[in-house]
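Colleague: Sending over input.txt (compact mmCIF, C-alpha atoms).
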```
# COMPACT_ATOMS: atom_id res chain seq x y z
CA MET A 1 27.45 -143.76 37.99
CA ALA A 2 30.58 -142.48 39.71
CA SER A 3 32.21 -145.92 39.52
CA LEU A 4 31.39 -146.11 35.78
CA PHE A 5 33.56 -143.07 35.00
CA SER A 6 36.13 -143.46 37.78
CA GLY A 7 38.63 -145.20 35.49
CA LEU A 8 38.46 -142.61 32.70
CA PRO A 9 40.66 -139.52 32.47
CA LEU A 10 38.76 -136.37 33.32
CA TRP A 11 39.65 -134.72 30.01
CA LEU A 12 38.14 -137.64 28.07
CA ILE A 13 34.86 -137.31 29.95
CA PHE A 14 34.76 -133.58 29.24
CA ALA A 15 35.49 -134.17 25.54
CA ALA A 16 32.64 -136.66 25.27
CA LEU A 17 30.25 -134.34 27.04
CA THR A 18 31.25 -131.46 24.75
CA GLY A 19 30.54 -133.59 21.67
CA ALA A 20 27.16 -134.65 23.04
CA VAL A 21 26.15 -131.05 23.75
CA ILE A 22 27.15 -129.89 20.26
CA TRP A 23 25.22 -132.75 18.66
CA ALA A 24 22.14 -131.90 20.72
CA LEU A 25 22.35 -128.29 19.55
CA LEU A 26 22.81 -129.12 15.86
CA ARG A 27 20.23 -131.90 15.59
CA PRO A 28 17.14 -129.63 15.70
CA LEU A 29 18.59 -127.59 12.82
CA LYS A 30 19.03 -130.71 10.74
CA THR A 31 15.55 -132.09 11.47
CA ALA A 32 13.95 -128.70 10.73
CA ARG A 33 15.55 -128.70 7.28
CA GLU A 34 14.34 -132.25 6.68
CA ARG A 35 10.78 -131.26 7.61
CA GLN A 36 10.92 -128.35 5.17
CA ALA A 37 12.29 -130.61 2.40
CA GLY A 38 9.45 -133.05 3.02
CA GLY A 39 6.87 -130.47 2.07
CA SER A 40 5.25 -129.96 5.47
CA GLU A 41 4.68 -126.26 4.71
CA VAL A 42 3.06 -127.10 1.38
CA ALA A 43 0.70 -129.55 3.10
CA LEU A 44 -0.20 -126.87 5.65
CA TYR A 45 -1.34 -124.38 2.99
CA ARG A 46 -3.30 -127.06 1.16
CA ASP A 47 -5.13 -127.90 4.37
CA GLN A 48 -5.91 -124.20 4.81
CA LEU A 49 -7.48 -124.06 1.31
CA ALA A 50 -9.61 -127.11 2.04
CA GLU A 51 -10.74 -125.66 5.37
CA LEU A 52 -11.63 -122.37 3.65
CA SER A 53 -13.86 -124.20 1.18
CA ARG A 54 -15.65 -125.97 4.03
CA ASP A 55 -16.21 -122.63 5.81
CA VAL A 56 -17.84 -121.24 2.64
CA GLU A 57 -20.12 -124.24 2.36
CA ARG A 58 -21.19 -123.85 6.01
CA GLY A 59 -21.82 -120.14 5.52
CA LEU A 60 -19.20 -119.09 8.04
CA ILE A 61 -17.52 -116.69 5.60
CA GLY A 62 -18.73 -114.70 2.63
CA GLU A 63 -17.69 -115.52 -0.92
CA SER A 64 -15.81 -112.23 -1.43
CA GLU A 65 -13.81 -112.62 1.81
CA ALA A 66 -13.15 -116.26 0.96
CA GLU A 67 -11.83 -115.33 -2.47
CA ALA A 68 -9.40 -112.79 -1.02
CA ALA A 69 -8.17 -115.33 1.52
CA ARG A 70 -7.90 -118.00 -1.17
CA ILE A 71 -5.69 -115.77 -3.29
CA GLU A 72 -3.30 -115.03 -0.36
CA ILE A 73 -3.08 -118.71 0.69
CA SER A 74 -2.50 -119.77 -2.91
CA ARG A 75 0.33 -117.25 -3.24
CA ARG A 76 2.02 -118.64 -0.13
CA LEU A 77 1.45 -122.18 -1.38
CA ILE A 78 3.24 -121.44 -4.65
CA VAL A 79 6.22 -119.92 -2.81
CA ALA A 80 6.43 -122.91 -0.45
CA ALA A 81 6.13 -125.41 -3.29
CA ASP A 82 8.94 -123.70 -5.21
CA ALA A 83 11.17 -123.77 -2.13
CA ALA A 84 10.46 -127.46 -1.53
CA GLU A 85 11.21 -128.24 -5.15
CA ARG A 86 14.53 -126.41 -5.02
CA GLU A 87 15.47 -128.21 -1.82
CA SER A 88 14.65 -131.64 -3.22
CA ALA A 89 16.48 -130.82 -6.45
CA ALA A 90 19.64 -129.74 -4.64
CA PRO A 91 22.65 -131.85 -5.58
CA ALA A 92 23.41 -134.74 -3.30
CA ALA A 93 26.92 -133.36 -2.92
CA SER A 94 25.50 -130.15 -1.42
CA ARG A 95 23.43 -132.03 1.14
CA GLY A 96 26.42 -134.21 1.89
CA SER A 97 28.61 -131.17 2.47
CA ARG A 98 26.13 -129.86 5.04
CA ARG A 99 26.20 -133.14 6.88
CA LEU A 100 29.98 -133.16 6.68
CA ALA A 101 30.12 -129.66 8.16
CA ILE A 102 27.92 -130.76 11.08
CA VAL A 103 30.13 -133.76 11.74
CA ALA A 104 33.24 -131.59 11.50
CA ILE A 105 31.88 -129.21 14.14
CA VAL A 106 30.98 -132.07 16.45
CA VAL A 107 34.44 -133.63 16.12
CA ALA A 108 36.73 -130.64 15.60
CA LEU A 109 35.60 -128.51 18.52
CA PRO A 110 36.25 -131.15 21.21
CA VAL A 111 39.55 -132.11 19.58
CA PHE A 112 40.67 -128.48 19.39
CA SER A 113 39.62 -127.86 23.00
CA LEU A 114 41.47 -130.98 24.15
CA ALA A 115 44.64 -130.03 22.25
CA LEU A 116 44.54 -126.53 23.71
CA TYR A 117 44.10 -127.89 27.22
CA LEU A 118 46.91 -130.43 26.84
CA THR A 119 49.20 -127.67 25.53
CA LEU A 120 48.42 -124.87 27.98
CA GLY A 121 46.77 -126.66 30.87
CA SER A 122 48.03 -128.98 33.56
CA PRO A 123 46.03 -132.21 33.28
CA GLU A 124 48.28 -134.08 35.73
CA LEU A 125 48.14 -131.36 38.41
CA PRO A 126 46.29 -132.67 41.47
CA ASP A 127 43.18 -130.78 42.48
CA MET A 128 43.30 -128.28 45.33
CA PRO A 129 40.05 -128.27 47.31
CA PHE A 130 38.85 -124.86 48.44
CA THR A 131 39.14 -125.80 52.09
CA ALA A 132 42.77 -126.80 51.59
CA ARG A 133 43.57 -123.50 49.90
CA MET A 134 42.03 -121.64 52.80
CA ASP A 135 43.90 -123.73 55.40
CA LYS A 136 46.99 -121.50 55.46
CA PRO A 137 48.47 -119.10 57.97
CA VAL A 138 46.63 -115.79 57.98
CA THR A 139 49.77 -113.94 56.87
CA GLU A 140 49.94 -116.02 53.67
CA LEU A 141 46.35 -115.46 52.58
CA PRO A 142 45.43 -112.79 50.00
CA LEU A 143 43.04 -110.11 51.20
CA ASP A 144 39.88 -111.58 49.63
CA ALA A 145 40.60 -115.02 51.07
CA LEU A 146 41.38 -113.54 54.47
CA VAL A 147 38.12 -111.61 54.56
CA LEU A 148 36.18 -114.69 53.45
CA LYS A 149 37.84 -116.81 56.14
CA VAL A 150 36.98 -114.29 58.85
CA GLU A 151 33.39 -114.05 57.54
CA GLN A 152 33.04 -117.83 57.78
CA HIS A 153 34.42 -117.72 61.31
CA LEU A 154 31.97 -114.98 62.30
CA LYS A 155 29.01 -116.97 61.03
CA ASP A 156 29.78 -119.56 63.69
CA ASN A 157 31.06 -117.06 66.27
CA PRO A 158 29.03 -113.86 65.84
CA GLU A 159 30.09 -112.55 69.25
CA ASP A 160 33.82 -112.69 68.50
CA LEU A 161 34.94 -109.09 69.00
CA ARG A 162 38.38 -109.68 67.53
CA GLY A 163 36.85 -111.13 64.36
CA TRP A 164 34.78 -108.00 63.72
CA GLU A 165 37.81 -105.79 64.38
CA VAL A 166 39.81 -107.80 61.83
CA VAL A 167 37.19 -107.95 59.09
CA ALA A 168 36.27 -104.24 59.23
CA PRO A 169 39.67 -102.97 57.93
CA GLY A 170 39.51 -105.71 55.28
CA TYR A 171 36.19 -104.35 54.07
CA MET A 172 37.75 -100.88 53.94
CA ARG A 173 40.57 -102.06 51.71
CA GLN A 174 38.05 -103.77 49.43
CA GLY A 175 36.02 -100.56 49.15
CA ARG A 176 33.04 -102.12 50.97
CA PHE A 177 32.53 -99.09 53.19
CA ALA A 178 28.94 -99.77 54.30
CA GLU A 179 29.92 -103.27 55.42
CA ALA A 180 32.96 -101.86 57.21
CA ALA A 181 30.73 -99.44 59.13
CA GLY A 182 28.40 -102.32 59.96
CA ALA A 183 31.30 -104.43 61.21
CA TRP A 184 32.45 -101.61 63.50
CA SER A 185 28.89 -101.26 64.77
CA ARG A 186 28.93 -104.95 65.70
CA ALA A 187 32.29 -104.49 67.43
CA ILE A 188 30.88 -101.53 69.40
CA ALA A 189 27.78 -103.50 70.35
CA ILE A 190 29.95 -106.35 71.68
CA GLY A 191 32.91 -104.50 73.17
CA GLY A 192 31.48 -101.07 73.88
CA GLU A 193 32.37 -97.62 72.57
CA THR A 194 36.05 -96.69 72.41
CA SER A 195 37.62 -93.73 70.67
CA GLY A 196 39.32 -96.00 68.13
CA ARG A 197 36.17 -97.94 67.19
CA LEU A 198 34.05 -94.81 66.93
CA ALA A 199 36.67 -93.05 64.78
CA ALA A 200 37.01 -96.11 62.54
CA ARG A 201 33.25 -96.35 62.02
CA GLY A 202 33.05 -92.63 61.29
CA GLU A 203 35.85 -92.95 58.74
CA ALA A 204 33.99 -95.77 56.98
CA GLU A 205 30.88 -93.57 56.85
CA VAL A 206 32.92 -90.72 55.35
CA MET A 207 34.39 -93.01 52.70
CA GLY A 208 30.93 -94.28 51.87
CA ALA A 209 29.78 -90.68 51.38
CA ASN A 210 32.56 -89.98 48.85
CA GLY A 211 34.61 -87.87 51.25
CA ALA A 212 31.77 -85.83 52.72
CA VAL A 213 31.32 -85.97 56.50
CA PRO A 214 27.69 -87.03 57.17
CA PRO A 215 25.96 -86.18 60.47
CA GLU A 216 26.24 -89.72 61.82
CA ALA A 217 29.99 -89.73 61.17
CA ARG A 218 30.41 -86.36 62.83
CA ALA A 219 28.57 -87.67 65.87
CA ASP A 220 30.97 -90.65 66.04
CA PHE A 221 34.00 -88.34 65.82
CA ALA A 222 32.60 -86.06 68.54
CA LYS A 223 32.13 -89.06 70.86
CA ALA A 224 35.62 -90.29 70.03
CA VAL A 225 37.34 -87.00 70.99
CA ALA A 226 35.21 -86.84 74.15
CA LEU A 227 36.70 -90.19 75.12
CA ASP A 228 40.21 -89.33 73.87
CA PRO A 229 41.00 -85.77 72.74
CA LYS A 230 44.19 -87.03 71.05
CA GLU A 231 42.38 -89.47 68.72
CA PRO A 232 43.95 -88.31 65.38
CA ARG A 233 41.38 -89.64 62.92
CA ALA A 234 38.50 -88.07 64.80
CA GLN A 235 40.28 -84.72 65.08
CA PHE A 236 41.21 -84.76 61.41
CA TYR A 237 37.69 -85.55 60.18
CA LEU A 238 36.11 -83.02 62.51
CA GLY A 239 38.41 -80.45 60.92
CA LEU A 240 37.39 -81.71 57.50
CA ALA A 241 33.73 -81.31 58.45
CA ASP A 242 34.43 -77.71 59.49
CA ALA A 243 36.20 -77.04 56.21
CA GLN A 244 33.31 -78.49 54.20
CA GLU A 245 30.93 -76.20 56.07
CA GLY A 246 33.06 -73.18 55.24
CA LYS A 247 34.49 -72.84 58.76
CA LYS A 248 38.09 -72.60 57.62
CA ASP A 249 39.39 -70.93 60.76
CA ALA A 250 37.97 -73.69 62.95
CA ALA A 251 39.42 -76.36 60.66
CA ALA A 252 42.84 -74.69 60.61
CA LYS A 253 42.87 -74.39 64.40
CA ARG A 254 41.97 -78.05 64.90
CA TRP A 255 44.54 -79.30 62.39
CA THR A 256 47.28 -77.03 63.75
CA GLU A 257 46.68 -78.35 67.25
CA LEU A 258 46.65 -81.91 65.92
CA LEU A 259 50.03 -81.43 64.24
CA ALA A 260 51.48 -79.76 67.35
CA THR A 261 50.81 -82.85 69.47
CA ALA A 262 51.46 -85.50 66.80
CA PRO A 263 54.68 -87.57 66.67
CA LYS A 264 57.13 -86.40 64.03
CA ASP A 265 57.11 -89.79 62.36
CA ALA A 266 53.30 -90.08 62.24
CA PRO A 267 52.48 -91.40 58.74
CA TRP A 268 49.41 -89.19 58.45
CA ARG A 269 51.22 -85.88 59.13
CA ALA A 270 51.73 -85.26 55.41
CA GLY A 271 48.01 -85.59 54.71
CA VAL A 272 47.05 -83.14 57.46
CA GLU A 273 49.74 -80.68 56.33
CA ALA A 274 48.42 -80.88 52.77
CA GLU A 275 44.86 -80.11 53.90
CA LEU A 276 46.08 -77.27 56.12
CA ALA A 277 48.08 -75.82 53.24
CA GLY A 278 44.97 -76.02 51.07
CA LEU A 279 43.17 -73.77 53.53
CA SER A 280 45.95 -71.19 53.61
CA GLY A 281 46.90 -71.38 49.96
CA LYS A 282 50.55 -72.11 50.83
CA ALA A 283 52.63 -75.04 49.77
CA PRO A 284 53.11 -77.58 52.53
CA PRO A 285 56.59 -78.74 53.46
CA GLY A 286 57.79 -82.02 52.05
CA PRO A 287 57.90 -85.13 54.22
CA THR A 288 61.00 -85.68 56.30
CA ALA A 289 63.21 -88.72 55.80
CA GLU A 290 61.94 -90.14 59.08
CA GLN A 291 58.32 -89.81 57.91
CA ALA A 292 59.06 -91.41 54.56
CA GLY A 293 60.87 -94.31 56.22
CA ALA A 294 58.08 -94.85 58.72
CA ALA A 295 55.46 -94.92 55.95
CA ALA A 296 57.51 -97.40 53.94
CA ASP A 297 57.79 -99.78 56.89
CA MET A 298 54.09 -99.75 57.71
CA ALA A 299 51.71 -102.62 57.05
CA PRO A 300 49.32 -102.12 54.11
CA GLU A 301 46.35 -101.65 56.44
CA ALA A 302 48.00 -98.79 58.33
CA ARG A 303 49.43 -97.22 55.20
CA LYS A 304 45.94 -96.97 53.74
CA GLN A 305 44.61 -95.13 56.83
CA MET A 306 44.75 -91.31 56.64
CA ILE A 307 47.04 -90.24 53.92
CA GLU A 308 46.36 -92.55 50.97
CA GLY A 309 42.72 -93.06 51.84
CA MET A 310 42.16 -89.31 52.04
CA VAL A 311 43.96 -88.53 48.78
CA ALA A 312 42.26 -91.40 46.91
CA LYS A 313 38.85 -90.28 48.08
CA LEU A 314 39.56 -86.71 47.08
CA ALA A 315 40.59 -87.87 43.61
CA ALA A 316 37.45 -90.02 43.32
CA ARG A 317 35.25 -87.11 44.37
CA LEU A 318 36.85 -84.87 41.74
CA ASP A 319 36.16 -87.51 39.11
CA GLN A 320 32.47 -87.14 39.91
CA SER A 321 32.45 -83.38 40.58
CA PRO A 322 35.40 -81.82 38.72
CA ASN A 323 34.27 -78.19 39.04
CA ASP A 324 35.98 -77.72 42.41
CA ILE A 325 39.15 -75.66 42.09
CA GLU A 326 39.88 -75.88 45.82
CA GLY A 327 39.68 -79.65 45.63
CA TRP A 328 42.10 -79.78 42.67
CA LEU A 329 44.56 -77.53 44.47
CA ARG A 330 44.43 -79.78 47.55
CA LEU A 331 44.91 -82.87 45.42
CA ILE A 332 47.90 -81.40 43.58
CA ARG A 333 49.57 -80.28 46.80
CA SER A 334 48.87 -83.66 48.42
CA TYR A 335 50.58 -85.48 45.56
CA GLY A 336 53.51 -83.11 45.95
CA VAL A 337 53.80 -83.88 49.65
CA LEU A 338 53.57 -87.62 48.97
CA GLY A 339 56.38 -87.41 46.45
CA LYS A 340 54.20 -88.37 43.46
CA PRO A 341 55.17 -85.90 40.71
CA ALA A 342 53.57 -87.91 37.90
CA GLU A 343 50.19 -87.94 39.66
CA ALA A 344 50.54 -84.23 40.44
CA LYS A 345 51.20 -83.43 36.76
CA GLU A 346 48.26 -85.57 35.66
CA ALA A 347 45.99 -83.78 38.13
CA LEU A 348 47.27 -80.42 36.84
CA THR A 349 46.51 -81.43 33.25
CA ARG A 350 42.98 -82.54 34.10
CA ALA A 351 42.32 -79.44 36.19
CA ARG A 352 43.51 -77.15 33.40
CA LYS A 353 41.16 -78.85 30.93
CA THR A 354 38.29 -78.43 33.38
CA PHE A 355 38.98 -74.71 33.95
CA ALA A 356 40.23 -73.88 30.45
CA ALA A 357 37.77 -70.96 30.23
CA ASP A 358 38.56 -69.60 33.72
CA PRO A 359 41.75 -67.45 33.72
CA ALA A 360 41.68 -66.92 37.48
CA SER A 361 41.60 -70.65 38.19
CA LEU A 362 44.32 -71.29 35.62
CA ALA A 363 46.53 -68.73 37.37
CA ARG A 364 46.02 -70.52 40.70
CA LEU A 365 46.92 -73.82 39.07
CA ASP A 366 50.11 -72.24 37.70
CA ASP A 367 51.01 -71.11 41.23
CA ALA A 368 50.32 -74.61 42.54
CA GLU A 369 52.64 -76.09 39.91
CA LYS A 370 55.43 -73.69 40.89
CA SER A 371 55.12 -74.71 44.54
CA LEU A 372 55.56 -78.43 43.83
CA PRO A 373 58.83 -79.99 45.03
CA LYS A 374 61.40 -80.07 42.24
```
Written as structure tokens, that's how I'd like the structure from this file.

Modeller:
Amino acid sequence: MASLFSGLPLWLIFAALTGAVIWALLRPLKTARERQAGGSEVALYRDQLAELSRDVERGLIGESEAEAARIEISRRLIVAADAAERESAAPAASRGSRRLAIVAIVVALPVFSLALYLTLGSPELPDMPFTARMDKPVTELPLDALVLKVEQHLKDNPEDLRGWEVVAPGYMRQGRFAEAAGAWSRAIAIGGETSGRLAARGEAEVMGANGAVPPEARADFAKAVALDPKEPRAQFYLGLADAQEGKKDAAAKRWTELLATAPKDAPWRAGVEAELAGLSGKAPPGPTAEQAGAAADMAPEARKQMIEGMVAKLAARLDQSPNDIEGWLRLIRSYGVLGKPAEAKEALTRARKTFAADPASLARLDDAEKSLPK
């Protein structure tokens, strides 16, 4: 079969197949009309009348019931006979036009599809097998292809620690937080617990909980700081857990200590400062030139870590639960720190609509707007 079509252009084969499919779809409609024109429905009702008479003779049905049934069948017979007569009396030109329309559909659709493909497509472009597209340096692959390639590698090498540590951040960027947490669990099972792996798994669990810090994540962060008290993600999320539990003093203390020991060019400083300012109600300072330059030079994976991931999750949580004035104030201040005035104004507009009937909240939003960098 393959040799039969090997000499034909691919587009010609597709055109022929398209025509065959259309013909197969239209043929039952045509044959159904022919059956109706032939009087099959009329014959059916006549058979029903004859069968009814036989049932009366055998005593299977009473005369009164038979008469009622006979009247209904006769009515349907008359309607069917009239329809068959009209169909048979239809002009030959009308029947011919129907056949012409069917032929036009069968021919025109493949021709139109072929013309469109020849105009906009690339019929002479050689095919690119999937394996060839994947056989590129890792740095040249898009994220989805990179994750898929690592997944395929891990199927054959499930104990490859490096593979799990590579695919987990990929899952995070794709928003597949449960799978990211699972990948970090595999990495921990193979390579043991480290502060970085525990903090990364806890972060994935927080993201999967829409910004809330679940107990299992808090346990990971606690283990991480026990192994390394300077682990920034663990310290940040432990402070966030305190803030969510209403322990603002504890959160402020933890974040203040984190900032005191953090490098000045740490890309996540702005996010921590924004959260700390949200606790105190003060506007955080803007990022320094060194911080902005460091963030701009970072790889996408690192840039997503702390600051953008935190702000994005806060925005997503407010989409689901907008009646949180503290959350809106944090989001507005965070956008101000990140140098995103358009996003800050949009957040202000949405917050004001949400709290339109709350003068106290509106006043706090006005203060937040005044504190934004000009």

Colleague: Restricting the calculation to all atoms listed in the file: of A:Pro232, A:Pro341, A:Pro214, A:Gly59, which residue gets closest to A:Val272?

Modeller: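 Checking each candidate against A:Val272, we get A:Pro232 as the closest.
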
Colleague: Provide the atom CA of A:Glu193 to atom CA of A:Asp220 distance in Å, to one decimal place.

Modeller: 9.7 Å

Colleague: Give me, please, the distance in Å between atom CA of A:Gly271 and atom CA of A:Val167, quoted to one decimal.

Modeller: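 These two atoms are separated by 25.2 Å.
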
Colleague: Measure the distance from atom CA of A:Arg70 to atom CA of A:Asp47 in Å and round it to one decimal.

Modeller: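 Computing it gives 11.7 Å between the two atoms.
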
Colleague: Name all residues at most 9 Å from stretch 354-364 of chain A (count all atoms listed in the file; drop same-chain ones fewer than 5 positions away) and give them as number ranges by chain.

Modeller: A: 322-323, 325, 329, 349, 369

Colleague: Write the residues of the preceding selection, restricted to C-alpha atoms, as a PDB file, keeping the file's coordinate frame.

Modeller:
```
ATOM      1  CA  PRO A 322      35.400 -81.820  38.720  1.00  0.00           C
ATOM      2  CA  ASN A 323      34.270 -78.190  39.040  1.00  0.00           C
ATOM      3  CA  ILE A 325      39.150 -75.660  42.090  1.00  0.00           C
ATOM      4  CA  LEU A 329      44.560 -77.530  44.470  1.00  0.00           C
ATOM      5  CA  THR A 349      46.510 -81.430  33.250  1.00  0.00           C
ATOM      6  CA  GLU A 369      52.640 -76.090  39.910  1.00  0.00           C
TER       7      GLU A 369
END
```

Colleague: Of the candidates A:Pro158, A:Ala178, A:Pro263, A:Val213, which shows the shortest atom-to-atom distance to A:Ala243, using all atoms listed in the file?

Modeller: A:Val213

Colleague: Quick one: contact table of stretch 145-198 of chain A to stretch 204-211 of chain A, 7 Å max, nearest atom pair and distance in Å to one decimal per residue, counting only C-alpha atoms, chain and number order, as a tab-separated table?

Modeller:
```
residue	atom	partner	partner_atom	distance
A:Phe177	CA	A:Gly208	CA	5.2
A:Ala178	CA	A:Gly208	CA	6.3
A:Ala180	CA	A:Ala204	CA	6.2
A:Ala181	CA	A:Ala204	CA	5.4
```

Colleague: With distances taken over only C-alpha atoms, which of A:Ala277, A:Ala368, A:Leu348, A:Ala16 is nearest to A:Val111?

Modeller: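 Closest to A:Val111 of all the choices is A:Ala16.
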
Colleague: For A:Leu318, please output as a list in words all residues within 10 Å (counting only C-alpha atoms; exclusion window: fewer than 3 positions along the same chain).

Modeller: Asn210, Ala312, Lys313, Leu314, Ala315, Ser321, Pro322, Asn323, Asp324, Ile325, Gly327, Trp328, Leu331, Ala347 and Ala351 of chain A

Colleague: Considering only C-alpha atoms, state which residue in the set A:Ser334, A:Ser371, A:Leu154, A:Glu165 is at the smallest distance from A:Trp268.

Modeller: A:Ser334
